[in-house]
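**Q** My questions will all concern the structure given below.
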Amino acid sequence: MYEKIKKEIMLEKHFGCSLEDINRNVIISPIWQLSHFMERAESVIKEFKGWYKGVTLSYKGKPVTVINSGIGAPMTGDCVIALGYSQCENIFFSGSAGAIDEKLNIGDILVCNEAVIGEGFSRYHSGNIYTDCFGNVVSGSEELAQIMIQKAVIAAHSLGVSVHKGRVFSIDSILGENKKSFDYMISKECDAVEMEVSAVFTASKSIGRNAAALIVISDLPLREKSLFEGIEENDELKFKNSSYHLPEILLDSAISI
């Protein structure tokens, strides 16, 4: 339906910017603030605002674009699809997740290039709308994942947290996290649950771009440390410390390819 609309118009509507304003390497996040990336930059090349807010900045002499994608699969997935109208080549996604695997703790960093589809967005962009893709595994870029692991390991040592490589389940409903759904996630060999990664990987495949995800563990729902049951002060501090250092990890990753 939208095939005849010029890419310049799509970029203006979605991001409020021109084609040249978006770099080949793009960091997107539903939760991390743009200001935290701007604080690490040498300079801001372009700040833009459309349906999505973003900024292209200079970091260690290289340009990187950072975009706030909004929470959930529909918002973040459409953000990635819209990047298909730009010069973007590599997408570094970052958010938070609840751990399923017992070896993960709050504040740990999980890097993944695999996600299990538990959201509805992917059905529209997987190639056949008549086929239900719920439960399918969708893959991102192993190369980007390895770059993020290398950068995360350096930071994790000083933070006193661990870096893991694994698989996430992307869910549409926080209150859909219950015994049956967690049993299903475990059967799918998922290490954590969040809301966007499978949509990011489906969308990136649809537009022919590379993508990987770096996730901070925010809670442990199977160990009664969920968003509703309360998290101990020490664990909350670990999450905040890891989150604070994420911009450097992501920016260093983005300029390494």
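Ordering of the structure tokens sets the chain letters (A, B, ...); residue numbers start at 1 within each chain; ligands are numbered from 1 in the order shown.
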Can you build me a table of range 36-154 of chain A residues sitting at most 12 Å from range 212-231 of chain A, with the closest atom pair per residue and its distance in Å to one decimal, using only C-alpha atoms, sorted by chain and residue number, as a Markdown table?

**A**
| residue | atom | partner | partner_atom | distance |
| --- | --- | --- | --- | --- |
| A:Glu89 | CA | A:Ala212 | CA | 12.0 |
| A:Asn90 | CA | A:Ala212 | CA | 8.6 |
| A:Ile91 | CA | A:Ala212 | CA | 6.7 |
| A:Phe92 | CA | A:Ala212 | CA | 5.6 |
| A:Phe93 | CA | A:Ala213 | CA | 4.6 |
| A:Ser94 | CA | A:Leu214 | CA | 4.8 |
| A:Gly95 | CA | A:Ile215 | CA | 5.1 |
| A:Ser96 | CA | A:Val216 | CA | 4.7 |
| A:Ala97 | CA | A:Ile217 | CA | 5.0 |
| A:Gly98 | CA | A:Asp219 | CA | 4.7 |
| A:Ala99 | CA | A:Leu220 | CA | 5.2 |
| A:Ile100 | CA | A:Leu222 | CA | 6.6 |
| A:Asp101 | CA | A:Leu222 | CA | 9.0 |
| A:Glu102 | CA | A:Leu222 | CA | 8.6 |
| A:Lys103 | CA | A:Leu220 | CA | 10.7 |
| A:Leu104 | CA | A:Ile217 | CA | 7.5 |
| A:Asn105 | CA | A:Ile217 | CA | 6.7 |
| A:Ile106 | CA | A:Ile217 | CA | 4.9 |
| A:Gly107 | CA | A:Ile217 | CA | 5.3 |
| A:Asp108 | CA | A:Ile217 | CA | 5.5 |
| A:Ile109 | CA | A:Val216 | CA | 4.7 |
| A:Leu110 | CA | A:Ile215 | CA | 5.0 |
| A:Val111 | CA | A:Leu214 | CA | 4.5 |
| A:Cys112 | CA | A:Ala213 | CA | 5.3 |
| A:Asn113 | CA | A:Ala212 | CA | 5.1 |
| A:Glu114 | CA | A:Ala212 | CA | 8.3 |
| A:Ala115 | CA | A:Ala213 | CA | 9.6 |
| A:Val138 | CA | A:Ala212 | CA | 11.2 |
| A:Ser139 | CA | A:Ala212 | CA | 8.6 |
| A:Gly140 | CA | A:Ala212 | CA | 5.4 |
| A:Ser141 | CA | A:Ala212 | CA | 5.6 |
| A:Glu142 | CA | A:Ala212 | CA | 7.4 |
| A:Glu143 | CA | A:Ala212 | CA | 8.5 |
| A:Leu144 | CA | A:Ala212 | CA | 5.7 |
| A:Ala145 | CA | A:Ala212 | CA | 5.4 |
| A:Gln146 | CA | A:Ala212 | CA | 9.1 |
| A:Ile147 | CA | A:Ala212 | CA | 9.6 |
| A:Met148 | CA | A:Leu214 | CA | 7.1 |
| A:Ile149 | CA | A:Leu214 | CA | 8.4 |
| A:Gln150 | CA | A:Leu214 | CA | 11.6 |
| A:Lys151 | CA | A:Leu214 | CA | 10.7 |
| A:Ala152 | CA | A:Leu214 | CA | 8.7 |
| A:Val153 | CA | A:Leu214 | CA | 11.9 |

**Q** Grab the residues selected above and save them as a compact mmCIF listing (two decimals), in the first residue's frame with N, CA and C atoms.

**A**
# COMPACT_ATOMS: atom_id res chain seq x y z
N GLU A 89 22.51 0.14 8.10
CA GLU A 89 22.93 -1.22 7.75
C GLU A 89 22.91 -2.14 8.97
N ASN A 90 23.28 -1.61 10.13
CA ASN A 90 23.42 -2.42 11.34
C ASN A 90 22.59 -1.84 12.47
N ILE A 91 21.82 -2.69 13.16
CA ILE A 91 20.93 -2.26 14.23
C ILE A 91 21.34 -2.92 15.53
N PHE A 92 21.67 -2.09 16.51
CA PHE A 92 22.05 -2.55 17.85
C PHE A 92 20.89 -2.25 18.79
N PHE A 93 20.12 -3.27 19.13
CA PHE A 93 18.96 -3.08 20.00
C PHE A 93 19.36 -3.29 21.45
N SER A 94 18.75 -2.53 22.36
CA SER A 94 19.04 -2.71 23.78
C SER A 94 17.82 -2.40 24.64
N GLY A 95 17.54 -3.31 25.57
CA GLY A 95 16.44 -3.12 26.50
C GLY A 95 16.70 -3.89 27.78
N SER A 96 15.65 -4.27 28.49
CA SER A 96 15.78 -5.03 29.73
C SER A 96 14.88 -6.26 29.66
N ALA A 97 15.14 -7.22 30.55
CA ALA A 97 14.38 -8.47 30.52
C ALA A 97 14.36 -9.13 31.88
N GLY A 98 13.38 -9.99 32.08
CA GLY A 98 13.32 -10.82 33.26
C GLY A 98 13.99 -12.15 32.97
N ALA A 99 14.84 -12.61 33.88
CA ALA A 99 15.60 -13.83 33.65
C ALA A 99 14.73 -15.07 33.86
N ILE A 100 14.91 -16.06 33.01
CA ILE A 100 14.28 -17.37 33.16
C ILE A 100 15.32 -18.39 33.61
N ASP A 101 16.48 -18.34 32.97
CA ASP A 101 17.57 -19.24 33.32
C ASP A 101 18.14 -18.87 34.69
N GLU A 102 18.34 -19.86 35.55
CA GLU A 102 18.80 -19.61 36.92
C GLU A 102 20.21 -19.06 37.01
N LYS A 103 21.00 -19.21 35.95
CA LYS A 103 22.37 -18.70 36.02
C LYS A 103 22.45 -17.20 35.81
N LEU A 104 21.35 -16.58 35.38
CA LEU A 104 21.31 -15.13 35.18
C LEU A 104 20.85 -14.44 36.45
N ASN A 105 21.50 -13.32 36.76
CA ASN A 105 21.15 -12.53 37.93
C ASN A 105 20.87 -11.09 37.53
N ILE A 106 20.22 -10.34 38.41
CA ILE A 106 19.92 -8.93 38.14
C ILE A 106 21.21 -8.16 37.92
N GLY A 107 21.22 -7.35 36.87
CA GLY A 107 22.41 -6.58 36.50
C GLY A 107 23.27 -7.27 35.47
N ASP A 108 23.08 -8.59 35.26
CA ASP A 108 23.84 -9.30 34.25
C ASP A 108 23.45 -8.81 32.85
N ILE A 109 24.34 -9.02 31.92
CA ILE A 109 24.12 -8.60 30.54
C ILE A 109 23.93 -9.84 29.67
N LEU A 110 22.86 -9.85 28.90
CA LEU A 110 22.54 -10.95 28.00
C LEU A 110 22.60 -10.44 26.56
N VAL A 111 23.45 -11.04 25.77
CA VAL A 111 23.55 -10.69 24.35
C VAL A 111 22.91 -11.81 23.55
N CYS A 112 22.07 -11.45 22.60
CA CYS A 112 21.41 -12.52 21.83
C CYS A 112 21.24 -12.16 20.36
N ASN A 113 21.30 -13.21 19.55
CA ASN A 113 20.94 -13.08 18.15
C ASN A 113 19.88 -14.13 17.80
N GLU A 114 19.17 -14.61 18.85
CA GLU A 114 18.02 -15.50 18.66
C GLU A 114 16.89 -15.09 19.58
N ALA A 115 15.67 -15.15 19.06
CA ALA A 115 14.50 -14.83 19.87
C ALA A 115 13.34 -15.72 19.43
N VAL A 138 13.49 -16.75 15.54
CA VAL A 138 13.98 -15.82 14.51
C VAL A 138 15.38 -15.37 14.91
N SER A 139 16.26 -15.31 13.93
CA SER A 139 17.68 -15.03 14.22
C SER A 139 18.09 -13.65 13.76
N GLY A 140 19.06 -13.10 14.48
CA GLY A 140 19.69 -11.85 14.09
C GLY A 140 21.10 -12.13 13.59
N SER A 141 21.99 -11.19 13.79
CA SER A 141 23.36 -11.28 13.29
C SER A 141 24.32 -11.82 14.34
N GLU A 142 24.97 -12.91 14.04
CA GLU A 142 25.99 -13.46 14.93
C GLU A 142 27.19 -12.51 15.03
N GLU A 143 27.53 -11.87 13.92
CA GLU A 143 28.67 -10.95 13.91
C GLU A 143 28.45 -9.79 14.86
N LEU A 144 27.28 -9.16 14.81
CA LEU A 144 26.99 -8.03 15.70
C LEU A 144 26.94 -8.50 17.15
N ALA A 145 26.39 -9.69 17.38
CA ALA A 145 26.31 -10.22 18.74
C ALA A 145 27.71 -10.42 19.33
N GLN A 146 28.62 -10.93 18.54
CA GLN A 146 29.98 -11.16 19.03
C GLN A 146 30.69 -9.85 19.35
N ILE A 147 30.45 -8.82 18.55
CA ILE A 147 31.03 -7.51 18.83
C ILE A 147 30.53 -6.98 20.16
N MET A 148 29.23 -7.10 20.41
CA MET A 148 28.65 -6.60 21.66
C MET A 148 29.13 -7.41 22.86
N ILE A 149 29.33 -8.70 22.68
CA ILE A 149 29.86 -9.52 23.77
C ILE A 149 31.26 -9.05 24.15
N GLN A 150 32.09 -8.81 23.17
CA GLN A 150 33.47 -8.36 23.43
C GLN A 150 33.48 -7.06 24.23
N LYS A 151 32.64 -6.12 23.84
CA LYS A 151 32.59 -4.83 24.54
C LYS A 151 31.95 -4.96 25.92
N ALA A 152 30.94 -5.83 26.03
CA ALA A 152 30.25 -6.00 27.31
C ALA A 152 31.14 -6.67 28.35
N VAL A 153 31.96 -7.62 27.92
CA VAL A 153 32.84 -8.33 28.85
C VAL A 153 33.82 -7.37 29.51

**Q** Mind checking which residues fall within 8 Å of Ala82 in chain A, counting only C-alpha atoms, ignoring those fewer than 6 positions away in the same chain, and posting them as an MDAnalysis selection string?

**A** chainID A and resid 10:11 14

**Q** Select, from A:Phe201, A:Val161, A:Glu194, A:Tyr124, the residue with the minimum atom-to-atom distance to Asp235 in chain A, counting only C-alpha atoms.

**A**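 Ranking A:Phe201, A:Val161, A:Glu194, A:Tyr124 by distance to Asp235 in chain A, first place goes to A:Val161.
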
**Q** How many Å separate CA of Leu237 in chain A from CA of Glu39 in chain A?

**A**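 The value is 20.9 Å.
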
**Q** Determine, counting only C-alpha atoms, which protein, DNA and RNA residues have an atom within 10 Å of an atom of range 63-70 of chain A; residues of the same chain fewer than 4 positions away are not included. Present the result as a ChimeraX atom specification.

**A** /A:15,21-34,37-38,41,43-49,51-59,74-80,88,91-93,196,247,250-252,254-255

**Q** Write a file of the just-selected residues containing N, CA and C atoms, as a compact mmCIF listing (two decimals), in the first residue's frame.

**A**
# COMPACT_ATOMS: atom_id res chain seq x y z
N PHE A 15 10.86 9.90 11.48
CA PHE A 15 11.98 10.37 12.28
C PHE A 15 12.18 11.89 12.26
N ASP A 21 20.77 12.07 7.52
CA ASP A 21 20.86 12.27 8.97
C ASP A 21 20.99 10.97 9.76
N ILE A 22 20.64 9.84 9.14
CA ILE A 22 20.72 8.54 9.82
C ILE A 22 21.95 7.80 9.34
N ASN A 23 22.78 7.41 10.29
CA ASN A 23 24.05 6.74 9.99
C ASN A 23 23.81 5.27 9.64
N ARG A 24 24.85 4.62 9.12
CA ARG A 24 24.77 3.19 8.78
C ARG A 24 24.65 2.32 10.02
N ASN A 25 25.14 2.81 11.17
CA ASN A 25 25.05 2.07 12.42
C ASN A 25 24.07 2.77 13.36
N VAL A 26 23.02 2.05 13.76
CA VAL A 26 21.94 2.65 14.54
C VAL A 26 21.70 1.86 15.82
N ILE A 27 21.68 2.56 16.94
CA ILE A 27 21.30 1.98 18.23
C ILE A 27 19.85 2.33 18.48
N ILE A 28 19.02 1.34 18.79
CA ILE A 28 17.63 1.65 19.13
C ILE A 28 17.30 1.04 20.49
N SER A 29 16.49 1.75 21.25
CA SER A 29 16.09 1.27 22.57
C SER A 29 14.71 1.80 22.92
N PRO A 30 13.89 0.98 23.56
CA PRO A 30 12.59 1.45 24.02
C PRO A 30 12.67 2.20 25.34
N ILE A 31 13.77 2.04 26.09
CA ILE A 31 13.81 2.58 27.45
C ILE A 31 15.00 3.47 27.78
N TRP A 32 16.17 3.25 27.18
CA TRP A 32 17.33 4.06 27.54
C TRP A 32 17.20 5.46 26.93
N GLN A 33 17.46 6.48 27.73
CA GLN A 33 17.24 7.86 27.31
C GLN A 33 18.32 8.35 26.34
N LEU A 34 17.89 9.13 25.35
CA LEU A 34 18.82 9.69 24.38
C LEU A 34 19.88 10.55 25.06
N PHE A 37 23.19 8.96 25.99
CA PHE A 37 24.13 8.77 24.88
C PHE A 37 24.78 10.10 24.50
N MET A 38 23.99 11.15 24.52
CA MET A 38 24.50 12.47 24.16
C MET A 38 25.56 12.94 25.13
N ALA A 41 28.92 11.71 24.05
CA ALA A 41 29.35 12.12 22.72
C ALA A 41 30.30 13.31 22.75
N SER A 43 30.19 15.44 20.22
CA SER A 43 29.30 16.48 19.70
C SER A 43 28.03 15.85 19.15
N VAL A 44 26.99 16.66 19.05
CA VAL A 44 25.73 16.22 18.45
C VAL A 44 25.68 16.74 17.02
N ILE A 45 25.60 15.82 16.08
CA ILE A 45 25.58 16.19 14.67
C ILE A 45 24.18 16.63 14.25
N LYS A 46 23.17 15.88 14.69
CA LYS A 46 21.79 16.19 14.33
C LYS A 46 20.84 15.60 15.35
N GLU A 47 19.95 16.39 15.88
CA GLU A 47 18.89 15.91 16.75
C GLU A 47 17.58 16.01 15.98
N PHE A 48 16.80 14.94 15.98
CA PHE A 48 15.58 14.96 15.18
C PHE A 48 14.40 14.35 15.93
N LYS A 49 13.20 14.71 15.49
CA LYS A 49 11.99 14.26 16.17
C LYS A 49 10.84 14.16 15.17
N TRP A 51 7.75 10.76 14.52
CA TRP A 51 7.01 9.83 15.37
C TRP A 51 7.96 9.19 16.38
N TYR A 52 9.23 9.10 15.98
CA TYR A 52 10.29 8.61 16.88
C TYR A 52 11.32 9.72 17.08
N LYS A 53 11.87 9.80 18.30
CA LYS A 53 12.93 10.76 18.58
C LYS A 53 14.29 10.10 18.34
N GLY A 54 15.24 10.90 17.85
CA GLY A 54 16.56 10.35 17.61
C GLY A 54 17.63 11.41 17.57
N VAL A 55 18.86 10.94 17.50
CA VAL A 55 20.01 11.84 17.43
C VAL A 55 21.15 11.13 16.72
N THR A 56 21.86 11.86 15.90
CA THR A 56 23.11 11.36 15.34
C THR A 56 24.22 12.16 15.99
N LEU A 57 25.17 11.44 16.57
CA LEU A 57 26.23 12.09 17.33
C LEU A 57 27.60 11.59 16.90
N SER A 58 28.62 12.30 17.33
CA SER A 58 30.00 11.91 17.05
C SER A 58 30.58 11.30 18.31
N TYR A 59 31.05 10.05 18.20
CA TYR A 59 31.61 9.34 19.34
C TYR A 59 32.97 8.77 18.91
N PRO A 74 5.02 -3.62 18.53
CA PRO A 74 4.52 -2.80 17.42
C PRO A 74 5.33 -1.53 17.21
N MET A 75 5.60 -0.79 18.29
CA MET A 75 6.36 0.45 18.17
C MET A 75 7.79 0.20 17.70
N THR A 76 8.47 -0.73 18.35
CA THR A 76 9.87 -0.99 18.01
C THR A 76 9.98 -1.66 16.64
N GLY A 77 9.09 -2.58 16.35
CA GLY A 77 9.13 -3.25 15.05
C GLY A 77 8.93 -2.27 13.90
N ASP A 78 7.96 -1.37 14.02
CA ASP A 78 7.73 -0.37 12.98
C ASP A 78 8.92 0.57 12.85
N CYS A 79 9.57 0.87 13.97
CA CYS A 79 10.77 1.70 13.93
C CYS A 79 11.83 1.06 13.06
N VAL A 80 12.03 -0.25 13.21
CA VAL A 80 13.02 -0.96 12.40
C VAL A 80 12.60 -0.98 10.93
N CYS A 88 20.72 2.99 6.96
CA CYS A 88 21.06 2.10 8.06
C CYS A 88 21.43 0.71 7.55
N ILE A 91 21.82 -2.69 13.16
CA ILE A 91 20.93 -2.26 14.23
C ILE A 91 21.34 -2.92 15.53
N PHE A 92 21.67 -2.09 16.51
CA PHE A 92 22.05 -2.55 17.85
C PHE A 92 20.89 -2.25 18.79
N PHE A 93 20.12 -3.27 19.13
CA PHE A 93 18.96 -3.08 20.00
C PHE A 93 19.36 -3.29 21.45
N GLU A 196 10.40 -7.00 22.87
CA GLU A 196 10.68 -6.43 21.54
C GLU A 196 11.60 -7.22 20.61
N PRO A 247 25.37 2.85 27.49
CA PRO A 247 25.69 3.70 26.34
C PRO A 247 27.10 3.50 25.80
N LEU A 250 27.30 0.10 23.94
CA LEU A 250 26.60 0.15 22.65
C LEU A 250 27.32 1.04 21.65
N LEU A 251 27.79 2.19 22.11
CA LEU A 251 28.50 3.10 21.20
C LEU A 251 29.82 2.50 20.75
N ASP A 252 30.55 1.87 21.66
CA ASP A 252 31.80 1.21 21.28
C ASP A 252 31.54 0.08 20.29
N ALA A 254 29.00 -0.02 18.15
CA ALA A 254 28.55 0.57 16.88
C ALA A 254 29.69 1.11 16.03
N ILE A 255 30.77 1.58 16.68
CA ILE A 255 31.88 2.12 15.89
C ILE A 255 32.93 1.05 15.56

**Q** Taking the backbone alone, and naming residues the way the document does, which bits of range 33-245 of chain A are helix (DSSP H, G or I) by DSSP, as number ranges by chain?

**A** A: 34-38, 73-83, 121-124, 142-159, 174-176, 179-187, 197-207, 221-223, 233-245

**Q** Where in range 91-172 of chain A does DSSP assign strand (DSSP E), given as a compact mmCIF listing (two decimals) with C-alpha atoms, in the first residue's frame?

**A**
# COMPACT_ATOMS: atom_id res chain seq x y z
CA ILE A 91 20.93 -2.26 14.23
CA PHE A 92 22.05 -2.55 17.85
CA PHE A 93 18.96 -3.08 20.00
CA SER A 94 19.04 -2.71 23.78
CA GLY A 95 16.44 -3.12 26.50
CA SER A 96 15.78 -5.03 29.73
CA ALA A 97 14.38 -8.47 30.52
CA GLY A 98 13.32 -10.82 33.26
CA ALA A 99 15.60 -13.83 33.65
CA ILE A 109 24.12 -8.60 30.54
CA LEU A 110 22.54 -10.95 28.00
CA VAL A 111 23.55 -10.69 24.35
CA CYS A 112 21.41 -12.52 21.83
CA ASN A 113 20.94 -13.08 18.15
CA GLU A 114 18.02 -15.50 18.66
CA ALA A 115 14.50 -14.83 19.87
CA VAL A 116 11.28 -16.83 20.08
CA ILE A 117 8.25 -15.05 18.62
CA GLY A 118 5.57 -14.47 21.25
CA VAL A 137 12.79 -18.89 16.43
CA VAL A 138 13.98 -15.82 14.51
CA SER A 139 17.68 -15.03 14.22
CA VAL A 163 27.88 -11.53 30.39
CA HIS A 164 25.88 -14.33 28.78
CA LYS A 165 24.89 -15.26 25.25
CA GLY A 166 21.41 -16.66 24.90
CA ARG A 167 17.86 -16.61 23.58
CA VAL A 168 14.90 -14.47 24.64
CA PHE A 169 11.14 -14.86 24.43
CA SER A 170 9.31 -11.73 23.27
CA ILE A 171 5.90 -11.47 24.92
